[in-house]
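Trainee: Just dropping this structure here.
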Amino acid sequence: MLLRVLGSAAGGGSPQWNCGCPVCAAVRSRAGLARTQSSVAVSADRRRWFLINASPDLRTQIEAFPGLHPHDDRTTPLEAVLLTDAELDHTLGLLLLREARALRLYATATVRKTLSDGSGILRTLERYCPVEWRAVHPGTDLALADGLSCRAFDVPTTKRDRFGAGVDHGRVVGYRLTDERSRGTLVYLPGVQSLTPALRVEIEGCECLLIDGTCWRDDELVRLGLARKTSREMGHLPIDGPDGSLAQLPSLGVRRTIFVHMNNTNPILLEDAPERRTLEESGTEVAMDGLEVQV
């Protein structure tokens, strides 16, 4: 199984167009790598690819990866798109796929309803191309292609905007992907508010974990005067702190851990930042666009 990181930043990318924070300023001055918005592609045979989330930067990401380039007759290696939630950062790219002859979309019933009734993205897309919806049921194994399967799992969150009150099951999911031949496992978890016991069960023992790295500190955006909410209040577990993800990860028995979905304010985006050195000394990694992971 091969996973390609198409975009490694959170919503807005890095640098974010309207942000002049120290990290964005450093990236603009080429002291750090620019990054597009979060999405990955997964394949078991390097011929058929499955996207997990479709970011607003999807066209640029496809052009940057020859594995997703179309053939002469307009057929494409893109088999389907799997969604972790209905966030605009993860779904606006679906509209960029409207020229497809048909599009297969994997999502929970809750996400599908939000895309149809809330943002209207799905209804708009269906006006341009046929959409084949495949239901995702958290906790149930799902065969994607010969040699590749996945299991979605619920990711608890108190985040309510864009999802509707009173809805919990299937609002946000992560995916545990398995190569049926090698039995290699990979977990993709770009948004997580708390590493609950149930989530630990899904993560434990996987060969590679790609996990939410939105903010370094819980009060990162508050300190910068860019928001009033903390990282946790926005639905993201911070990396640093006694109960941050970095302190909890060693107990999960994961061979390789990679942070993804970094906010444009996160200092780990800069290679010479002390926070980045802290991660490297812990044995964890920071994703960049184009990173490939094989399990």
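Ordered as shown in the structure tokens, chains take letters A, B, and onward, while each chain numbers its residues from 1 and ligands are numbered from 1 in the order shown.
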Using only C-alpha atoms, which protein or nucleic acid residues come within 10 Å of stretch 255-258 of chain A? Drop anything in the same chain fewer than 5 positions from it, and give the result as a PDB file with C-alpha atoms, in the first residue's frame.
Mentor:
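Below is the file that was written, selection_1.pdb:
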ATOM      1  CA  LEU A 186      -2.137   2.751   8.145  1.00  0.00           C
ATOM      2  CA  VAL A 187      -4.389   5.166  10.039  1.00  0.00           C
ATOM      3  CA  TYR A 188      -5.370   8.551   8.615  1.00  0.00           C
ATOM      4  CA  GLU A 204      -2.750   0.910  18.429  1.00  0.00           C
ATOM      5  CA  GLY A 205      -0.332  -1.310  16.564  1.00  0.00           C
ATOM      6  CA  CYS A 206      -0.708   0.294  13.140  1.00  0.00           C
ATOM      7  CA  GLU A 207       2.480   0.609  11.126  1.00  0.00           C
ATOM      8  CA  CYS A 208       1.971   4.258  10.285  1.00  0.00           C
ATOM      9  CA  LEU A 209      -0.222   6.975  11.789  1.00  0.00           C
ATOM     10  CA  LEU A 210      -0.927  10.277  10.040  1.00  0.00           C
ATOM     11  CA  ILE A 211      -2.420  12.443  12.760  1.00  0.00           C
ATOM     12  CA  ASP A 212      -3.827  15.921  13.304  1.00  0.00           C
ATOM     13  CA  GLY A 213      -1.036  18.467  13.818  1.00  0.00           C
ATOM     14  CA  LEU A 246       3.104  14.230  21.554  1.00  0.00           C
ATOM     15  CA  LEU A 249       1.641   8.945  21.237  1.00  0.00           C
ATOM     16  CA  PRO A 250       4.474   6.773  22.638  1.00  0.00           C
ATOM     17  CA  LEU A 279       9.408  16.540  17.188  1.00  0.00           C
ATOM     18  CA  GLY A 283      11.069  10.305  16.450  1.00  0.00           C
ATOM     19  CA  THR A 284       7.947  11.801  14.904  1.00  0.00           C
ATOM     20  CA  GLU A 285       7.767  13.499  11.496  1.00  0.00           C
ATOM     21  CA  VAL A 286       6.137  16.496   9.826  1.00  0.00           C
ATOM     22  CA  ALA A 287       4.443  15.829   6.486  1.00  0.00           C
ATOM     23  CA  MET A 288       5.159  17.846   3.385  1.00  0.00           C
ATOM     24  CA  VAL A 293       4.566   6.368   2.674  1.00  0.00           C
TER      25      VAL A 293
END
Trainee: Could you give me, as a list of chain:residue names, each residue of stretch 246-289 of chain A that DSSP assigns to helix (DSSP H, G or I) when run on this structure's backbone?
Mentor: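 Taking stretch 246-289 of chain A and keeping helix (DSSP H, G or I) gives A:Leu246, A:Ala247, A:Gln248, A:Leu249, A:Pro250, A:Ser251, A:Leu252, A:Pro267, A:Ile268, A:Leu269, A:Pro274, A:Glu275, A:Arg276, A:Arg277, A:Thr278, A:Leu279, A:Glu280, A:Glu281, A:Ser282.
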Trainee: Generate a file of the selected residues that holds N, CA, C and O atoms, formatted as a PDB file, in the first residue's frame.
Mentor:
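Result file selection-v7.pdb:
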ATOM      1  N   LEU A 246       1.717  14.705  21.506  1.00  0.00           N
ATOM      2  CA  LEU A 246       3.104  14.230  21.554  1.00  0.00           C
ATOM      3  C   LEU A 246       3.376  13.439  22.829  1.00  0.00           C
ATOM      4  O   LEU A 246       4.120  12.450  22.799  1.00  0.00           O
ATOM      5  N   ALA A 247       2.767  13.838  23.936  1.00  0.00           N
ATOM      6  CA  ALA A 247       2.947  13.123  25.197  1.00  0.00           C
ATOM      7  C   ALA A 247       2.215  11.787  25.209  1.00  0.00           C
ATOM      8  O   ALA A 247       2.627  10.855  25.912  1.00  0.00           O
ATOM      9  N   GLN A 248       1.139  11.666  24.430  1.00  0.00           N
ATOM     10  CA  GLN A 248       0.323  10.456  24.465  1.00  0.00           C
ATOM     11  C   GLN A 248       0.721   9.414  23.421  1.00  0.00           C
ATOM     12  O   GLN A 248       0.452   8.226  23.595  1.00  0.00           O
ATOM     13  N   LEU A 249       1.373   9.845  22.359  1.00  0.00           N
ATOM     14  CA  LEU A 249       1.641   8.945  21.237  1.00  0.00           C
ATOM     15  C   LEU A 249       2.550   7.761  21.565  1.00  0.00           C
ATOM     16  O   LEU A 249       2.322   6.662  21.043  1.00  0.00           O
ATOM     17  N   PRO A 250       3.579   7.912  22.397  1.00  0.00           N
ATOM     18  CA  PRO A 250       4.474   6.773  22.638  1.00  0.00           C
ATOM     19  C   PRO A 250       3.785   5.523  23.169  1.00  0.00           C
ATOM     20  O   PRO A 250       4.256   4.404  22.937  1.00  0.00           O
ATOM     21  N   SER A 251       2.663   5.680  23.843  1.00  0.00           N
ATOM     22  CA  SER A 251       1.973   4.529  24.432  1.00  0.00           C
ATOM     23  C   SER A 251       1.147   3.742  23.418  1.00  0.00           C
ATOM     24  O   SER A 251       0.594   2.687  23.761  1.00  0.00           O
ATOM     25  N   LEU A 252       1.073   4.225  22.176  1.00  0.00           N
ATOM     26  CA  LEU A 252       0.193   3.596  21.190  1.00  0.00           C
ATOM     27  C   LEU A 252       0.891   2.517  20.363  1.00  0.00           C
ATOM     28  O   LEU A 252       0.237   1.815  19.590  1.00  0.00           O
ATOM     29  N   PRO A 267       4.518  26.517  14.323  1.00  0.00           N
ATOM     30  CA  PRO A 267       5.960  26.673  14.082  1.00  0.00           C
ATOM     31  C   PRO A 267       6.647  25.414  13.564  1.00  0.00           C
ATOM     32  O   PRO A 267       7.747  25.510  13.018  1.00  0.00           O
ATOM     33  N   ILE A 268       6.028  24.241  13.677  1.00  0.00           N
ATOM     34  CA  ILE A 268       6.690  23.032  13.166  1.00  0.00           C
ATOM     35  C   ILE A 268       6.784  23.047  11.643  1.00  0.00           C
ATOM     36  O   ILE A 268       7.482  22.217  11.054  1.00  0.00           O
ATOM     37  N   LEU A 269       6.121  23.996  10.994  1.00  0.00           N
ATOM     38  CA  LEU A 269       6.245  24.143   9.546  1.00  0.00           C
ATOM     39  C   LEU A 269       7.634  24.657   9.148  1.00  0.00           C
ATOM     40  O   LEU A 269       8.011  24.552   7.977  1.00  0.00           O
ATOM     41  N   PRO A 274      12.576  25.521  17.080  1.00  0.00           N
ATOM     42  CA  PRO A 274      12.821  24.595  18.183  1.00  0.00           C
ATOM     43  C   PRO A 274      11.713  23.558  18.341  1.00  0.00           C
ATOM     44  O   PRO A 274      11.971  22.420  18.747  1.00  0.00           O
ATOM     45  N   GLU A 275      10.479  23.932  18.013  1.00  0.00           N
ATOM     46  CA  GLU A 275       9.372  22.979  18.093  1.00  0.00           C
ATOM     47  C   GLU A 275       9.567  21.840  17.099  1.00  0.00           C
ATOM     48  O   GLU A 275       9.241  20.683  17.389  1.00  0.00           O
ATOM     49  N   ARG A 276      10.107  22.169  15.935  1.00  0.00           N
ATOM     50  CA  ARG A 276      10.382  21.137  14.929  1.00  0.00           C
ATOM     51  C   ARG A 276      11.474  20.196  15.432  1.00  0.00           C
ATOM     52  O   ARG A 276      11.373  18.973  15.272  1.00  0.00           O
ATOM     53  N   ARG A 277      12.490  20.730  16.061  1.00  0.00           N
ATOM     54  CA  ARG A 277      13.555  19.888  16.601  1.00  0.00           C
ATOM     55  C   ARG A 277      13.028  18.976  17.697  1.00  0.00           C
ATOM     56  O   ARG A 277      13.453  17.824  17.823  1.00  0.00           O
ATOM     57  N   THR A 278      12.099  19.484  18.498  1.00  0.00           N
ATOM     58  CA  THR A 278      11.490  18.666  19.541  1.00  0.00           C
ATOM     59  C   THR A 278      10.800  17.446  18.939  1.00  0.00           C
ATOM     60  O   THR A 278      10.936  16.324  19.442  1.00  0.00           O
ATOM     61  N   LEU A 279      10.076  17.654  17.854  1.00  0.00           N
ATOM     62  CA  LEU A 279       9.408  16.540  17.188  1.00  0.00           C
ATOM     63  C   LEU A 279      10.424  15.550  16.629  1.00  0.00           C
ATOM     64  O   LEU A 279      10.272  14.326  16.798  1.00  0.00           O
ATOM     65  N   GLU A 280      11.436  16.046  15.967  1.00  0.00           N
ATOM     66  CA  GLU A 280      12.431  15.171  15.357  1.00  0.00           C
ATOM     67  C   GLU A 280      13.150  14.346  16.418  1.00  0.00           C
ATOM     68  O   GLU A 280      13.440  13.163  16.218  1.00  0.00           O
ATOM     69  N   GLU A 281      13.440  14.952  17.562  1.00  0.00           N
ATOM     70  CA  GLU A 281      14.099  14.222  18.644  1.00  0.00           C
ATOM     71  C   GLU A 281      13.186  13.161  19.253  1.00  0.00           C
ATOM     72  O   GLU A 281      13.670  12.171  19.813  1.00  0.00           O
ATOM     73  N   SER A 282      11.877  13.357  19.133  1.00  0.00           N
ATOM     74  CA  SER A 282      10.927  12.370  19.650  1.00  0.00           C
ATOM     75  C   SER A 282      10.714  11.214  18.682  1.00  0.00           C
ATOM     76  O   SER A 282      10.058  10.225  19.017  1.00  0.00           O
TER      77      SER A 282
END
Trainee: Would you mind listing what lies within 8 Å of A:Tyr175 as a compact mmCIF listing (two decimals) with N, CA and C atoms, in the first residue's frame, with only C-alpha atoms counted and same-chain residues fewer than 3 positions away left out?
Mentor:
# COMPACT_ATOMS: atom_id res chain seq x y z
N THR A 84 -13.74 12.30 5.29
CA THR A 84 -13.69 12.15 6.74
C THR A 84 -14.78 12.98 7.42
N CYS A 150 -10.64 -0.78 4.03
CA CYS A 150 -10.57 0.25 5.06
C CYS A 150 -11.70 0.05 6.06
N ARG A 151 -11.51 0.65 7.21
CA ARG A 151 -12.57 0.68 8.22
C ARG A 151 -12.62 2.09 8.79
N ALA A 152 -13.76 2.72 8.67
CA ALA A 152 -13.94 4.05 9.26
C ALA A 152 -14.24 3.89 10.75
N PHE A 153 -13.88 4.89 11.51
CA PHE A 153 -14.22 4.90 12.95
C PHE A 153 -14.60 6.31 13.35
N VAL A 187 -3.24 4.41 9.53
CA VAL A 187 -4.39 5.17 10.04
C VAL A 187 -4.25 6.62 9.62
N TYR A 188 -5.33 7.15 9.02
CA TYR A 188 -5.37 8.55 8.62
C TYR A 188 -6.37 9.27 9.50
N LEU A 189 -5.87 10.22 10.29
CA LEU A 189 -6.68 10.90 11.30
C LEU A 189 -6.35 12.40 11.29
Trainee: May I have the residues within 10 Å of A:His90 as a PyMOL selection string, using only C-alpha atoms and disregarding those fewer than 4 positions away in the same chain?
Mentor: chain A and resi 10-11+37-39+52-58+82-86+94
Trainee: Using C-alpha atoms, can you write the selected residues to a file as a PDB file, in the first residue's frame?
Mentor:
ATOM      1  CA  ALA A  10      -4.891  22.772   7.286  1.00  0.00           C
ATOM      2  CA  GLY A  11      -7.556  24.991   5.746  1.00  0.00           C
ATOM      3  CA  GLN A  37      -4.594  22.023   1.935  1.00  0.00           C
ATOM      4  CA  SER A  38      -5.022  18.583   3.471  1.00  0.00           C
ATOM      5  CA  SER A  39      -5.672  15.535   1.277  1.00  0.00           C
ATOM      6  CA  ILE A  52      -9.212  10.783   1.187  1.00  0.00           C
ATOM      7  CA  ASN A  53     -10.807  14.223   1.155  1.00  0.00           C
ATOM      8  CA  ALA A  54     -10.862  16.636  -1.772  1.00  0.00           C
ATOM      9  CA  SER A  55      -9.281  19.959  -0.903  1.00  0.00           C
ATOM     10  CA  PRO A  56      -9.804  23.284  -2.707  1.00  0.00           C
ATOM     11  CA  ASP A  57      -6.244  22.806  -4.026  1.00  0.00           C
ATOM     12  CA  LEU A  58      -7.063  19.505  -5.705  1.00  0.00           C
ATOM     13  CA  LEU A  82     -13.479   8.999   0.703  1.00  0.00           C
ATOM     14  CA  LEU A  83     -14.543  11.775   3.064  1.00  0.00           C
ATOM     15  CA  THR A  84     -13.693  12.151   6.743  1.00  0.00           C
ATOM     16  CA  ASP A  85     -16.281  14.906   7.297  1.00  0.00           C
ATOM     17  CA  ALA A  86     -18.213  17.647   5.525  1.00  0.00           C
ATOM     18  CA  LEU A  94     -15.322  17.724  -5.269  1.00  0.00           C
TER      19      LEU A  94
END
Trainee: Could you tell me which of A:Pro190, A:Glu220, A:Met1, A:Val172 comes closest to A:Ala44 if we count only C-alpha atoms?
Mentor: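 When distances to A:Ala44 are compared using only C-alpha atoms, the smallest one comes from A:Met1.
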Trainee: Determine, counting only C-alpha atoms, which protein, DNA and RNA residues have an atom within 9 Å of an atom of A:Val42; residues of the same chain fewer than 2 positions away are not included. Present the result as a short mmCIF file (atom, residue, chain, number, x, y, z; two decimals) with C-alpha atoms, in the first residue's frame.
Mentor:
data_model
loop_
_atom_site.label_atom_id
_atom_site.label_comp_id
_atom_site.auth_asym_id
_atom_site.auth_seq_id
_atom_site.Cartn_x
_atom_site.Cartn_y
_atom_site.Cartn_z
CA MET A 1 0.00 0.00 0.00
CA LEU A 2 1.30 3.40 -0.99
CA LEU A 3 0.02 6.69 0.41
CA ARG A 4 0.88 10.00 -1.19
CA VAL A 5 0.39 13.22 0.79
CA VAL A 40 -4.01 12.19 0.54
CA ALA A 44 -2.55 -0.91 -3.45
CA ARG A 46 -0.08 2.18 -8.05
CA ARG A 48 -5.93 2.80 -9.06
CA TRP A 49 -5.99 5.62 -6.54
CA PHE A 50 -8.43 6.58 -3.81
CA LEU A 51 -8.49 10.12 -2.46
CA ILE A 52 -9.21 10.78 1.19
CA LEU A 177 -6.49 1.20 5.82
#
Trainee: Can you pull out the residues contacting A:Asp240? Cut-off 9 Å, using only C-alpha atoms, and skip same-chain residues under 2 positions away; I want them as a ChimeraX atom specification.
Mentor: /A:215-218,238,242-247,275
Trainee: Restrict the selected residues to N, CA, C and O atoms and save them as a short mmCIF file (atom, residue, chain, number, x, y, z; two decimals), in the first residue's frame.
Mentor:
data_model
loop_
_atom_site.label_atom_id
_atom_site.label_comp_id
_atom_site.auth_asym_id
_atom_site.auth_seq_id
_atom_site.Cartn_x
_atom_site.Cartn_y
_atom_site.Cartn_z
N CYS A 215 -2.34 22.59 15.61
CA CYS A 215 -1.66 23.60 16.42
C CYS A 215 -0.60 22.98 17.31
O CYS A 215 -0.77 21.85 17.80
N TRP A 216 0.46 23.72 17.54
CA TRP A 216 1.48 23.28 18.50
C TRP A 216 0.99 23.48 19.93
O TRP A 216 1.00 22.57 20.73
N ARG A 217 0.50 24.69 20.22
CA ARG A 217 -0.03 25.00 21.55
C ARG A 217 -1.55 25.10 21.50
O ARG A 217 -2.12 25.47 20.48
N ASP A 218 -2.18 24.82 22.62
CA ASP A 218 -3.63 24.92 22.68
C ASP A 218 -4.09 26.35 22.46
O ASP A 218 -5.10 26.60 21.80
N PRO A 238 -3.98 19.76 20.58
CA PRO A 238 -2.68 20.36 20.33
C PRO A 238 -1.57 19.32 20.47
O PRO A 238 -1.74 18.28 21.10
N PRO A 242 1.33 18.63 28.59
CA PRO A 242 1.34 17.34 29.29
C PRO A 242 0.28 16.36 28.81
O PRO A 242 0.44 15.15 28.95
N ASP A 243 -0.82 16.88 28.25
CA ASP A 243 -1.86 16.01 27.71
C ASP A 243 -2.04 16.22 26.21
O ASP A 243 -3.08 15.88 25.65
N GLY A 244 -1.02 16.78 25.57
CA GLY A 244 -1.06 16.94 24.12
C GLY A 244 -0.77 15.63 23.42
O GLY A 244 -0.41 14.63 24.04
N SER A 245 -0.88 15.63 22.10
CA SER A 245 -0.70 14.38 21.36
C SER A 245 0.71 13.83 21.47
O SER A 245 0.91 12.62 21.55
N LEU A 246 1.72 14.70 21.51
CA LEU A 246 3.10 14.23 21.55
C LEU A 246 3.38 13.44 22.83
O LEU A 246 4.12 12.45 22.80
N ALA A 247 2.77 13.84 23.94
CA ALA A 247 2.95 13.12 25.20
C ALA A 247 2.21 11.79 25.21
O ALA A 247 2.63 10.86 25.91
N GLU A 275 10.48 23.93 18.01
CA GLU A 275 9.37 22.98 18.09
C GLU A 275 9.57 21.84 17.10
O GLU A 275 9.24 20.68 17.39
#
Trainee: Using only C-alpha atoms, determine which residues lie at most 12 Å from A:Val27, disregarding the query and same-chain residues fewer than 5 positions distant; provide the list as a PyMOL selection string.
Mentor: chain A and resi 13-17+19-22+32-35+264-272
Trainee: Find the nearest atom pair between each residue of stretch 161-254 of chain A and stretch 120-139 of chain A for residues within 12 Å, count only C-alpha atoms, give distances in Å to one decimal, sort rows by chain and ascending number, and present the table as JSON lines.
Mentor:
{"residue": "A:Arg162", "atom": "CA", "partner": "A:Gly120", "partner_atom": "CA", "distance": 11.6}
{"residue": "A:Asp168", "atom": "CA", "partner": "A:Pro138", "partner_atom": "CA", "distance": 11.9}
{"residue": "A:His169", "atom": "CA", "partner": "A:Pro138", "partner_atom": "CA", "distance": 8.4}
{"residue": "A:Gly170", "atom": "CA", "partner": "A:Pro138", "partner_atom": "CA", "distance": 6.9}
{"residue": "A:Arg171", "atom": "CA", "partner": "A:Pro138", "partner_atom": "CA", "distance": 10.4}
{"residue": "A:Val172", "atom": "CA", "partner": "A:Pro138", "partner_atom": "CA", "distance": 9.9}
{"residue": "A:Val173", "atom": "CA", "partner": "A:Pro138", "partner_atom": "CA", "distance": 7.5}
{"residue": "A:Gly174", "atom": "CA", "partner": "A:Pro138", "partner_atom": "CA", "distance": 8.9}
{"residue": "A:Tyr175", "atom": "CA", "partner": "A:Pro138", "partner_atom": "CA", "distance": 9.0}
{"residue": "A:Arg176", "atom": "CA", "partner": "A:Gly139", "partner_atom": "CA", "distance": 10.0}
{"residue": "A:Ala198", "atom": "CA", "partner": "A:Gly139", "partner_atom": "CA", "distance": 11.0}
{"residue": "A:Leu199", "atom": "CA", "partner": "A:Gly139", "partner_atom": "CA", "distance": 11.5}
{"residue": "A:Val201", "atom": "CA", "partner": "A:Gly139", "partner_atom": "CA", "distance": 11.6}
{"residue": "A:Glu202", "atom": "CA", "partner": "A:Gly139", "partner_atom": "CA", "distance": 9.6}
Trainee: Go through stretch 86-269 of chain A and collect every residue that DSSP, computed from the backbone, puts in strand (DSSP E); the answer should be as a PyMOL selection string.
Mentor: chain A and resi 103-107+131-135+141-145+148-154+173-179+185-189+208-212+256-260
Trainee: So how many Å separate atom CA of A:Glu63 and atom CA of A:Glu99, to one decimal?
Mentor: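 Straight-line distance from atom CA of A:Glu63 to atom CA of A:Glu99 works out to 15.5 Å.
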Trainee: Using only C-alpha atoms, find the one residue out of A:Ala64, A:Ile239, A:Gly12, A:Thr110 that sits nearest to A:Cys24.
Mentor: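 For A:Cys24, the nearest of the given residues is A:Gly12.
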Trainee: For A:Arg74, which of A:Ala100, A:Leu115, A:Leu88, A:Ala9 is the closest residue, counting only C-alpha atoms?
Mentor: A:Ala100
